[in-house]
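Trainee: Below is structure07.txt; it holds compact mmCIF, C-alpha atoms.
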```
# COMPACT_ATOMS: atom_id res chain seq x y z
CA MET R 14 -45.67 41.19 -74.77
CA PHE R 15 -47.59 38.70 -72.68
CA LYS R 16 -44.75 36.20 -73.06
CA LYS R 17 -42.20 38.74 -71.79
CA LEU R 18 -44.40 39.52 -68.80
CA THR R 19 -44.73 35.82 -67.99
CA ILE R 20 -40.96 35.29 -68.18
CA GLY R 21 -40.35 38.35 -65.97
CA LEU R 22 -42.85 37.12 -63.39
CA ALA R 23 -41.36 33.66 -63.38
CA THR R 24 -37.83 35.07 -62.91
CA PHE R 25 -39.05 37.26 -60.05
CA LEU R 26 -40.73 34.28 -58.41
CA LEU R 27 -37.60 32.17 -58.73
CA VAL R 28 -35.37 34.89 -57.22
CA TRP R 29 -37.87 35.45 -54.38
CA MET R 30 -38.08 31.72 -53.59
CA ALA R 31 -34.30 31.42 -53.59
CA SER R 32 -33.87 34.34 -51.17
CA VAL R 33 -36.66 33.02 -48.89
CA SER R 34 -35.08 29.54 -48.78
CA ALA R 35 -31.64 31.07 -48.02
CA VAL R 36 -33.09 33.02 -45.06
CA VAL R 37 -34.86 29.90 -43.78
CA ALA R 38 -31.64 27.86 -44.08
CA GLN R 39 -29.68 30.57 -42.25
CA ASP R 40 -32.27 30.66 -39.45
CA ALA R 41 -32.13 26.87 -39.15
CA ALA R 42 -28.34 26.92 -38.97
CA THR R 43 -28.38 29.66 -36.31
CA SER R 44 -30.90 27.85 -34.14
CA GLY R 45 -28.90 24.57 -34.60
CA SER R 46 -25.64 26.14 -33.43
CA GLN R 47 -27.46 27.77 -30.50
CA MET R 48 -28.81 24.38 -29.48
CA LEU R 49 -25.35 22.85 -29.73
CA ALA R 50 -23.84 25.62 -27.60
CA ALA R 51 -26.56 25.13 -24.98
CA GLU R 52 -25.96 21.38 -24.94
CA ASP R 53 -22.22 21.95 -24.63
CA ALA R 54 -22.69 24.31 -21.68
CA ALA R 55 -25.03 21.84 -20.00
CA SER R 56 -22.59 18.95 -20.38
CA ARG R 57 -19.73 21.15 -19.11
CA GLU R 58 -21.82 22.06 -16.08
CA GLU R 59 -22.62 18.38 -15.56
CA PHE R 60 -18.91 17.53 -15.71
CA ARG R 61 -18.08 20.28 -13.26
CA SER R 62 -20.65 19.06 -10.76
CA LEU R 63 -19.42 15.48 -11.25
CA ASP R 64 -15.85 16.62 -10.63
CA GLU R 65 -16.96 18.44 -7.47
CA ASN R 66 -18.76 15.31 -6.31
CA VAL R 67 -15.62 13.22 -6.91
CA GLN R 68 -13.50 15.76 -4.98
CA ASP R 69 -15.97 15.73 -2.08
CA LEU R 70 -15.99 11.96 -2.09
CA LYS R 71 -12.18 11.88 -2.11
CA LYS R 72 -12.06 14.24 0.86
CA GLU R 73 -14.58 12.10 2.73
CA VAL R 74 -12.51 8.97 2.03
CA LEU R 75 -9.37 10.71 3.30
CA ASP R 76 -11.15 11.85 6.46
CA LEU R 77 -12.54 8.38 7.01
CA ASN R 78 -9.09 6.88 6.44
CA ARG R 79 -7.58 9.22 9.04
CA ASP R 80 -10.29 8.41 11.58
CA LEU R 81 -9.87 4.70 10.97
CA PHE R 82 -6.10 4.98 11.36
CA LEU R 83 -6.43 6.79 14.69
CA LEU R 84 -9.06 4.35 15.88
CA GLU R 85 -6.92 1.39 14.85
CA GLU R 86 -3.93 2.85 16.69
CA GLU R 87 -5.99 3.46 19.81
CA LEU R 88 -7.38 -0.07 19.70
CA LEU R 89 -4.15 -1.83 18.83
CA PHE R 90 -1.85 0.22 21.01
CA PRO R 91 -3.83 1.52 23.96
CA ALA R 92 -1.65 4.05 25.76
CA ASN R 93 -1.75 2.17 29.06
CA SER R 94 -0.19 -1.06 27.84
CA GLN R 95 2.10 0.54 25.26
CA VAL R 96 5.84 -0.09 25.23
CA ALA R 97 8.05 1.61 22.67
CA PHE R 98 11.68 0.76 21.93
CA PHE R 99 14.05 3.36 20.53
CA ILE R 100 17.54 3.11 19.10
CA SER R 101 20.08 5.88 19.47
CA LEU R 102 23.70 6.13 18.49
CA ASP R 103 26.27 8.26 20.22
CA VAL R 104 29.56 8.94 18.40
CA GLY R 105 29.67 5.52 16.79
CA GLU R 106 33.40 5.49 16.09
CA TYR R 107 33.88 1.91 17.23
CA PHE R 108 30.71 0.50 15.81
CA ASP R 109 29.05 0.72 12.41
CA LEU R 110 25.46 -0.40 12.96
CA ASP R 111 24.01 -2.93 10.54
CA SER R 112 20.98 -4.44 12.25
CA VAL R 113 19.13 -4.80 15.53
CA ASN R 114 17.20 -7.86 16.56
CA ILE R 115 14.76 -7.52 19.44
CA LYS R 116 13.24 -10.33 21.46
CA ILE R 117 10.68 -9.84 24.19
CA ASP R 118 10.15 -12.77 26.54
CA GLY R 119 11.97 -15.04 24.10
CA LYS R 120 9.86 -14.06 21.09
CA GLU R 121 11.41 -12.19 18.18
CA VAL R 122 9.44 -9.01 17.60
CA SER R 123 11.72 -7.02 15.34
CA ASN R 124 14.69 -7.50 13.07
CA TYR R 125 15.59 -4.16 11.58
CA LEU R 126 18.25 -3.58 8.94
CA TYR R 127 19.75 -0.09 8.90
CA THR R 128 20.73 1.58 5.66
CA ARG R 129 23.68 3.96 5.37
CA ARG R 130 21.28 6.89 5.34
CA GLU R 131 19.51 5.73 8.51
CA VAL R 132 22.82 5.27 10.34
CA LYS R 133 23.85 8.79 9.31
CA ALA R 134 20.55 10.12 10.68
CA LEU R 135 21.20 8.30 13.99
CA LEU R 136 24.73 9.71 14.14
CA ARG R 137 23.32 13.21 13.71
CA GLY R 138 21.27 12.68 16.87
CA GLY R 139 18.18 11.04 15.47
CA VAL R 140 16.27 8.44 17.47
CA HIS R 141 14.54 5.59 15.71
CA ARG R 142 11.45 3.88 17.10
CA VAL R 143 12.35 0.35 16.18
CA HIS R 144 9.34 -1.35 17.71
CA MET R 145 6.10 -0.65 19.49
CA ALA R 146 4.18 -3.30 21.39
CA ASN R 147 1.56 -3.85 24.02
CA LEU R 148 2.63 -5.72 27.09
CA LYS R 149 0.76 -6.93 30.11
CA VAL R 150 1.50 -5.48 33.50
CA GLY R 151 4.31 -7.51 35.08
CA ASP R 152 7.93 -8.53 34.51
CA HIS R 153 9.38 -8.91 31.06
CA GLU R 154 12.73 -9.65 29.51
CA LEU R 155 14.15 -7.74 26.59
CA VAL R 156 17.07 -9.10 24.59
CA ALA R 157 18.57 -6.89 21.89
CA VAL R 158 21.23 -8.21 19.54
CA PHE R 159 23.25 -5.63 17.64
CA THR R 160 25.22 -6.58 14.54
CA GLY R 161 27.60 -4.41 12.59
CA GLU R 162 31.22 -3.65 12.05
CA GLY R 163 33.30 -3.26 15.16
CA PRO R 164 36.80 -1.94 15.80
CA HIS R 165 39.46 -2.87 13.21
CA ILE R 166 36.69 -3.43 10.62
CA ARG R 167 35.61 -6.75 12.06
CA ASP R 168 32.13 -8.19 12.10
CA TYR R 169 30.70 -7.50 15.48
CA ARG R 170 27.71 -9.02 17.24
CA ARG R 171 26.72 -8.14 20.76
CA GLY R 172 23.67 -8.72 22.88
CA ALA R 173 22.22 -6.71 25.73
CA THR R 174 19.51 -7.79 28.13
CA LEU R 175 17.12 -5.83 30.28
CA ASN R 176 14.64 -7.17 32.77
CA PHE R 177 11.97 -4.62 33.25
CA SER R 178 8.70 -4.33 35.01
CA LYS R 179 5.69 -3.01 33.19
CA GLY R 180 3.32 -1.06 35.35
CA ILE R 181 0.23 0.93 34.43
CA GLY R 182 0.97 3.56 31.82
CA ALA R 183 3.12 3.70 28.74
CA LYS R 184 6.77 2.70 28.86
CA TYR R 185 9.66 3.85 26.73
CA VAL R 186 12.91 1.92 26.44
CA GLU R 187 16.02 3.28 24.77
CA LEU R 188 18.71 1.06 23.32
CA GLU R 189 21.75 3.26 23.21
CA ILE R 190 25.03 2.51 21.44
CA THR R 191 27.94 4.52 22.77
CA ASP R 192 31.72 4.42 22.52
CA ARG R 193 33.92 3.40 25.42
CA VAL R 194 37.03 5.32 24.57
CA GLU R 195 39.24 3.76 27.30
CA LYS R 196 38.53 0.23 26.00
CA GLN R 197 38.18 1.31 22.38
CA GLN R 198 35.01 -0.73 22.21
CA PRO R 199 31.36 0.05 21.65
CA GLU R 200 28.99 -0.16 24.56
CA PHE R 201 25.35 -1.17 24.42
CA VAL R 202 23.15 0.28 27.10
CA ILE R 203 19.46 -0.28 27.61
CA LYS R 204 17.68 2.29 29.69
CA GLU R 205 14.14 3.04 30.60
CA TRP R 206 12.81 6.54 30.16
CA GLU R 207 11.18 7.92 33.24
CA MET G 13 1.90 -39.40 -24.82
CA LYS G 14 0.03 -36.49 -26.34
CA GLY G 15 -2.57 -36.71 -23.57
CA LEU G 16 0.14 -36.54 -20.92
CA LYS G 17 1.68 -33.52 -22.62
CA ASN G 18 -1.69 -31.77 -22.60
CA ILE G 19 -2.19 -32.54 -18.91
CA VAL G 20 1.26 -31.15 -18.07
CA LEU G 21 0.68 -28.06 -20.17
CA GLY G 22 -2.76 -27.59 -18.59
CA ALA G 23 -1.33 -27.90 -15.09
CA LEU G 24 1.44 -25.46 -15.92
CA PHE G 25 -1.06 -23.01 -17.33
CA THR G 26 -3.25 -23.30 -14.22
CA VAL G 27 -0.28 -22.72 -11.93
CA PHE G 28 0.82 -19.79 -14.04
CA ALA G 29 -2.67 -18.27 -14.06
CA ALA G 30 -2.99 -18.72 -10.29
CA THR G 31 0.35 -17.07 -9.63
CA SER G 32 -0.51 -14.27 -12.02
CA LEU G 33 -3.63 -13.56 -10.07
CA ALA G 34 -1.82 -13.76 -6.73
CA SER G 35 0.71 -10.95 -7.09
CA SER G 36 -1.19 -8.97 -9.72
CA GLY G 37 -3.42 -7.83 -6.87
CA LEU G 38 -0.63 -5.49 -5.88
CA VAL G 39 -0.97 -3.38 -9.03
CA GLY G 40 -2.21 0.08 -8.09
CA GLN G 41 -1.25 -0.40 -4.46
CA SER G 42 1.62 1.01 -2.49
CA ALA G 43 4.70 -1.16 -2.96
CA PRO G 44 5.37 -3.03 0.31
CA ASP G 45 8.52 -1.62 1.88
CA PHE G 46 11.51 -3.80 2.70
CA ALA G 47 15.19 -3.65 3.57
CA LEU G 48 17.68 -6.29 2.45
CA LYS G 49 21.40 -6.87 2.55
CA SER G 50 23.05 -6.22 -0.81
CA ALA G 51 25.88 -8.08 -2.52
CA VAL G 52 28.25 -5.21 -1.67
CA GLY G 53 27.39 -5.51 2.02
CA GLU G 54 25.18 -2.47 2.43
CA ASN G 55 21.53 -2.59 3.37
CA VAL G 56 19.07 -1.24 0.84
CA ARG G 57 15.58 -0.01 1.71
CA LEU G 58 12.97 0.38 -1.02
CA SER G 59 11.35 3.48 0.52
CA GLU G 60 14.66 5.34 0.25
CA LEU G 61 14.35 5.09 -3.53
CA ARG G 62 11.07 7.03 -3.54
CA GLY G 63 11.26 9.52 -6.39
CA ASP G 64 12.89 7.00 -8.72
CA VAL G 65 11.18 4.54 -11.00
CA VAL G 66 12.14 1.22 -9.42
CA MET G 67 12.21 -2.19 -11.01
CA ILE G 68 12.32 -5.12 -8.60
CA ASN G 69 13.40 -8.34 -10.27
CA PHE G 70 13.03 -11.54 -8.27
CA TRP G 71 15.42 -14.21 -9.49
CA ALA G 72 17.13 -17.44 -8.53
CA THR G 73 20.24 -19.26 -9.74
CA TRP G 74 18.22 -22.34 -10.72
CA CYS G 75 15.97 -20.29 -13.01
CA GLY G 76 17.02 -20.45 -16.67
CA PRO G 77 14.95 -17.52 -17.94
CA CYS G 78 16.43 -15.36 -15.14
CA ARG G 79 19.92 -16.02 -16.51
CA GLN G 80 18.67 -14.99 -19.94
CA GLU G 81 16.88 -11.89 -18.69
CA MET G 82 19.44 -10.40 -16.29
CA PRO G 83 21.97 -9.08 -18.84
CA LEU G 84 19.09 -7.41 -20.70
CA LEU G 85 17.88 -5.80 -17.48
CA ASP G 86 21.44 -4.66 -16.83
CA ASP G 87 21.43 -2.88 -20.20
CA LEU G 88 18.24 -1.05 -19.21
CA TYR G 89 19.79 -0.14 -15.86
CA THR G 90 22.97 1.23 -17.45
CA ARG G 91 20.94 3.23 -19.93
CA TYR G 92 18.40 4.83 -17.59
CA GLU G 93 20.15 4.91 -14.20
CA ARG G 94 21.21 8.54 -14.62
CA VAL G 95 17.64 9.72 -15.27
CA GLY G 96 16.09 8.28 -12.12
CA PHE G 97 15.74 4.57 -12.75
CA SER G 98 16.75 2.01 -10.10
CA LEU G 99 16.87 -1.71 -10.45
CA LEU G 100 16.96 -4.12 -7.52
CA GLY G 101 17.65 -7.76 -8.26
CA VAL G 102 16.24 -9.76 -5.36
CA ASN G 103 17.80 -13.19 -5.16
CA ILE G 104 15.78 -15.82 -3.32
CA ASP G 105 18.38 -18.61 -3.08
CA ASP G 106 18.99 -20.14 0.34
CA ASP G 107 22.72 -19.91 -0.28
CA SER G 108 23.79 -16.44 -1.39
CA SER G 109 27.27 -17.60 -2.47
CA ARG G 110 25.74 -19.23 -5.57
CA ALA G 111 24.07 -15.96 -6.44
CA MET G 112 27.38 -14.10 -6.01
CA LYS G 113 29.01 -16.53 -8.42
CA MET G 114 26.27 -16.06 -10.99
CA ILE G 115 26.45 -12.25 -10.74
CA GLU G 116 30.18 -12.45 -11.44
CA GLU G 117 29.63 -14.81 -14.37
CA LEU G 118 26.98 -12.56 -15.92
CA GLY G 119 28.85 -9.36 -15.06
CA VAL G 120 25.73 -7.42 -14.11
CA ASN G 121 26.10 -4.03 -12.42
CA PHE G 122 22.72 -3.43 -10.82
CA PRO G 123 22.36 -3.89 -7.04
CA VAL G 124 21.60 -7.46 -6.05
CA LEU G 125 19.89 -8.09 -2.72
CA PHE G 126 19.55 -11.35 -0.82
CA ASP G 127 16.20 -12.56 0.42
CA SER G 128 17.30 -15.92 1.74
CA LYS G 129 14.54 -15.90 4.38
CA LYS G 130 12.00 -15.26 1.56
CA ASP G 131 10.34 -12.51 3.58
CA VAL G 132 10.24 -10.08 0.69
CA SER G 133 9.16 -12.62 -1.90
CA LYS G 134 6.28 -13.53 0.41
CA LEU G 135 5.45 -9.85 0.74
CA TYR G 136 5.23 -9.61 -3.06
CA GLU G 137 3.47 -12.99 -3.36
CA VAL G 138 6.18 -14.31 -5.68
CA GLU G 139 5.32 -17.82 -6.73
CA ALA G 140 6.97 -17.99 -10.15
CA MET G 141 10.44 -17.14 -11.42
CA PRO G 142 11.37 -14.57 -12.51
CA VAL G 143 8.91 -11.91 -11.38
CA THR G 144 9.48 -8.30 -12.36
CA VAL G 145 7.69 -5.50 -10.54
CA LEU G 146 7.70 -1.89 -11.70
CA VAL G 147 7.14 0.80 -9.10
CA ASP G 148 6.52 4.42 -10.05
CA ARG G 149 8.06 7.56 -8.54
CA ASP G 150 5.29 7.74 -5.91
CA GLY G 151 5.96 4.20 -4.72
CA THR G 152 2.91 2.60 -6.36
CA VAL G 153 3.14 -0.79 -8.05
CA ARG G 154 2.31 -0.18 -11.70
CA HIS G 155 3.23 -3.35 -13.59
CA ILE G 156 3.98 -6.95 -12.69
CA HIS G 157 5.42 -9.47 -15.14
CA HIS G 158 5.54 -13.16 -14.47
CA GLY G 159 8.20 -15.26 -16.12
CA TYR G 160 10.35 -14.15 -19.01
CA LYS G 161 10.10 -14.68 -22.75
CA PRO G 162 12.31 -13.08 -25.40
CA GLY G 163 10.70 -9.77 -26.25
CA TYR G 164 9.62 -8.91 -22.70
CA GLU G 165 12.53 -6.44 -22.55
CA ASP G 166 10.73 -4.31 -25.14
CA LYS G 167 7.69 -4.19 -22.87
CA TYR G 168 9.92 -3.21 -19.95
CA LEU G 169 11.53 -0.50 -22.05
CA THR G 170 8.17 1.02 -23.02
CA GLU G 171 6.90 0.90 -19.44
CA ILE G 172 10.08 2.36 -17.94
CA ARG G 173 10.13 5.21 -20.46
CA SER G 174 6.48 5.97 -19.80
CA LEU G 175 6.95 5.95 -16.00
CA LEU G 176 10.06 8.13 -16.25
CA ARG G 177 8.07 10.72 -18.21
CA GLU G 178 5.36 11.01 -15.52
```
Is it possible to give me this structure as structure tokens?
Mentor:
Amino acid sequence: MFKKLTIGLATFLLVWMASVSAVVAQDAATSGSQMLAAEDAASREEFRSLDENVQDLKKEVLDLNRDLFLLEEELLFPANSQVAFFISLDVGEYFDLDSVNIKIDGKEVSNYLYTRREVKALLRGGVHRVHMANLKVGDHELVAVFTGEGPHIRDYRRGATLNFSKGIGAKYVELEITDRVEKQQPEFVIKEWE
Amino acid sequence: MKGLKNIVLGALFTVFAATSLASSGLVGQSAPDFALKSAVGENVRLSELRGDVVMINFWATWCGPCRQEMPLLDDLYTRYERVGFSLLGVNIDDDSSRAMKMIEELGVNFPVLFDSKKDVSKLYEVEAMPVTVLVDRDGTVRHIHHGYKPGYEDKYLTEIRSLLRE
């Protein structure tokens, strides 16, 4: 009788201990997963703030870059001493533009090769700023040499010269290529914008 | 004799390392723009190819590896041209007629440009032959290879495919 009671008690104790340990293990697992979730949320938040910081920094760099660009332009090309040279093409039946070489006071400042697409843009009425410089007040000489294909698909090379006076204030010079129908030849005109 | 060989190899290695460092500085930067006359007479401007993956291959007629590499590059060009891949072969010879002759001999189809004044090769700090530059669709230099060894074409292939997928 006593033996049966002892066995029963022992069985009860074993079952009780097993259930208690299961509950403890479950609690531990729950608290562990909660901790992991909290850590995950914290790291996500950290990443988000880091990303925001990077975005802010990027914006600041872009702003700074813009300011520097404007400052550089103002310093390098102050409006008062600025001279800009533009190329335009009118009709262009007698001349297929290939390149323009510009010399100011005997010094080569630009040698620009035109692609098919750029020539098309010029023919549609576009104007290309081929060079921008700063010149002292006074007299200057501009020599522009145009190369391309002339009438009867022949290589064509022509120069045009302009003596101009640079006063105070910006100056704009247009190098215009037009067709002279009566001579069936291209014409190269350099004119100053007022 | 062995000592001399080592010295020569050492010097070559130093030169190669120096040149590698020189133009490798362009990786990650915007590819310097240029316009050059092509073998077919038209002018080609790099910036007009924006949107394409562009390979710029600097070569010369006196460069043996270039001769070996060009037909392989032509294969890549033929294969990927229709999916937005451009290849510009920039020849740096003083006399472009030699280059024309070599193009005919090799039968390559990609556009060949002449940089006889060496303006563009200076822009890209080319100091070894050949030099191959890969520019992505946004116009950024992504890879630069100096010289050519058999097997480089596989590298090019992997890089082109990866840039085309971007």
Trainee: As AutoDock Vina command-line options, what would the box around stretch 119-133 of chain G look like: edges along x, y and z, 8 Å added on every side, centre and edge lengths in Å to one decimal?
Mentor:
```
--center_x 19.0 --center_y -9.7 --center_z -5.3 --size_x 35.7 --size_y 28.5 --size_z 35.4
```
Trainee: Closest to chain G among R:Leu84, R:Leu126, R:Leu75, R:Val67, using only C-alpha atoms?
Mentor: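 When distances to chain G are compared using only C-alpha atoms, the smallest one comes from R:Leu126.
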Trainee: Please, what distance in Å, to one decimal, runs between atom CA of R:Lys196 and atom CA of R:Glu131?
Mentor: 26.4 Å
Trainee: Which chain R residues are at most 9 Å from chain G (counting all atoms listed in the file), as a tab-separated table (two decimals) with C-alpha atoms, in the frame of the given file?
Mentor:
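Final output, selection_17.tsv:
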```
chain	number	residue	atom	x	y	z
R	111	ASP	CA	24.01	-2.93	10.54
R	125	TYR	CA	15.59	-4.16	11.58
R	126	LEU	CA	18.25	-3.58	8.94
R	127	TYR	CA	19.75	-0.09	8.90
R	128	THR	CA	20.73	1.58	5.66
R	129	ARG	CA	23.68	3.96	5.37
R	130	ARG	CA	21.28	6.89	5.34
```
Trainee: Taking into account only C-alpha atoms, which residue in the set G:Val138, G:Arg110, G:Arg173, G:Tyr168 is nearest to G:Gly37?
Mentor: G:Val138
Trainee: Using only C-alpha atoms, what residues lie at most 12 Å away from (11.7, -2.4, 21.3) (file coordinates), given as an mmCIF file with C-alpha atoms, keeping the file's coordinate frame?
Mentor:
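Output file point_17.cif follows:
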```cif
data_model
loop_
_atom_site.group_PDB
_atom_site.id
_atom_site.type_symbol
_atom_site.label_atom_id
_atom_site.label_comp_id
_atom_site.auth_asym_id
_atom_site.auth_seq_id
_atom_site.Cartn_x
_atom_site.Cartn_y
_atom_site.Cartn_z
ATOM 1 C CA GLN R 95 2.100 0.540 25.260
ATOM 2 C CA VAL R 96 5.840 -0.090 25.230
ATOM 3 C CA ALA R 97 8.050 1.610 22.670
ATOM 4 C CA PHE R 98 11.680 0.760 21.930
ATOM 5 C CA PHE R 99 14.050 3.360 20.530
ATOM 6 C CA ILE R 100 17.540 3.110 19.100
ATOM 7 C CA SER R 101 20.080 5.880 19.470
ATOM 8 C CA VAL R 113 19.130 -4.800 15.530
ATOM 9 C CA ASN R 114 17.200 -7.860 16.560
ATOM 10 C CA ILE R 115 14.760 -7.520 19.440
ATOM 11 C CA LYS R 116 13.240 -10.330 21.460
ATOM 12 C CA ILE R 117 10.680 -9.840 24.190
ATOM 13 C CA ASP R 118 10.150 -12.770 26.540
ATOM 14 C CA LYS R 120 9.860 -14.060 21.090
ATOM 15 C CA GLU R 121 11.410 -12.190 18.180
ATOM 16 C CA VAL R 122 9.440 -9.010 17.600
ATOM 17 C CA SER R 123 11.720 -7.020 15.340
ATOM 18 C CA ASN R 124 14.690 -7.500 13.070
ATOM 19 C CA TYR R 125 15.590 -4.160 11.580
ATOM 20 C CA HIS R 141 14.540 5.590 15.710
ATOM 21 C CA ARG R 142 11.450 3.880 17.100
ATOM 22 C CA VAL R 143 12.350 0.350 16.180
ATOM 23 C CA HIS R 144 9.340 -1.350 17.710
ATOM 24 C CA MET R 145 6.100 -0.650 19.490
ATOM 25 C CA ALA R 146 4.180 -3.300 21.390
ATOM 26 C CA ASN R 147 1.560 -3.850 24.020
ATOM 27 C CA LEU R 148 2.630 -5.720 27.090
ATOM 28 C CA HIS R 153 9.380 -8.910 31.060
ATOM 29 C CA GLU R 154 12.730 -9.650 29.510
ATOM 30 C CA LEU R 155 14.150 -7.740 26.590
ATOM 31 C CA VAL R 156 17.070 -9.100 24.590
ATOM 32 C CA ALA R 157 18.570 -6.890 21.890
ATOM 33 C CA VAL R 158 21.230 -8.210 19.540
ATOM 34 C CA THR R 174 19.510 -7.790 28.130
ATOM 35 C CA LEU R 175 17.120 -5.830 30.280
ATOM 36 C CA LYS R 184 6.770 2.700 28.860
ATOM 37 C CA TYR R 185 9.660 3.850 26.730
ATOM 38 C CA VAL R 186 12.910 1.920 26.440
ATOM 39 C CA GLU R 187 16.020 3.280 24.770
ATOM 40 C CA LEU R 188 18.710 1.060 23.320
ATOM 41 C CA GLU R 189 21.750 3.260 23.210
ATOM 42 C CA ILE R 203 19.460 -0.280 27.610
ATOM 43 C CA LYS R 204 17.680 2.290 29.690
ATOM 44 C CA GLU R 205 14.140 3.040 30.600
#
```
Trainee: What is the distance, in Å and to one decimal place, between atom CA of G:Met112 and atom CA of G:Trp71?
Mentor: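 Going from atom CA of G:Met112 over to atom CA of G:Trp71 covers 12.5 Å.
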Trainee: Name all residues at most 9 Å from G:Pro142 (count only C-alpha atoms; drop same-chain ones fewer than 5 positions away) and give them as a PyMOL selection string.
Mentor: chain G and resi 69-72+75+77-78+81+157-160
Trainee: What gap, in Å, lies between atom CA of R:Glu162 and atom CA of R:Asn176?
Mentor: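 About the pair atom CA of R:Glu162 and atom CA of R:Asn176: they are 26.8 Å apart.
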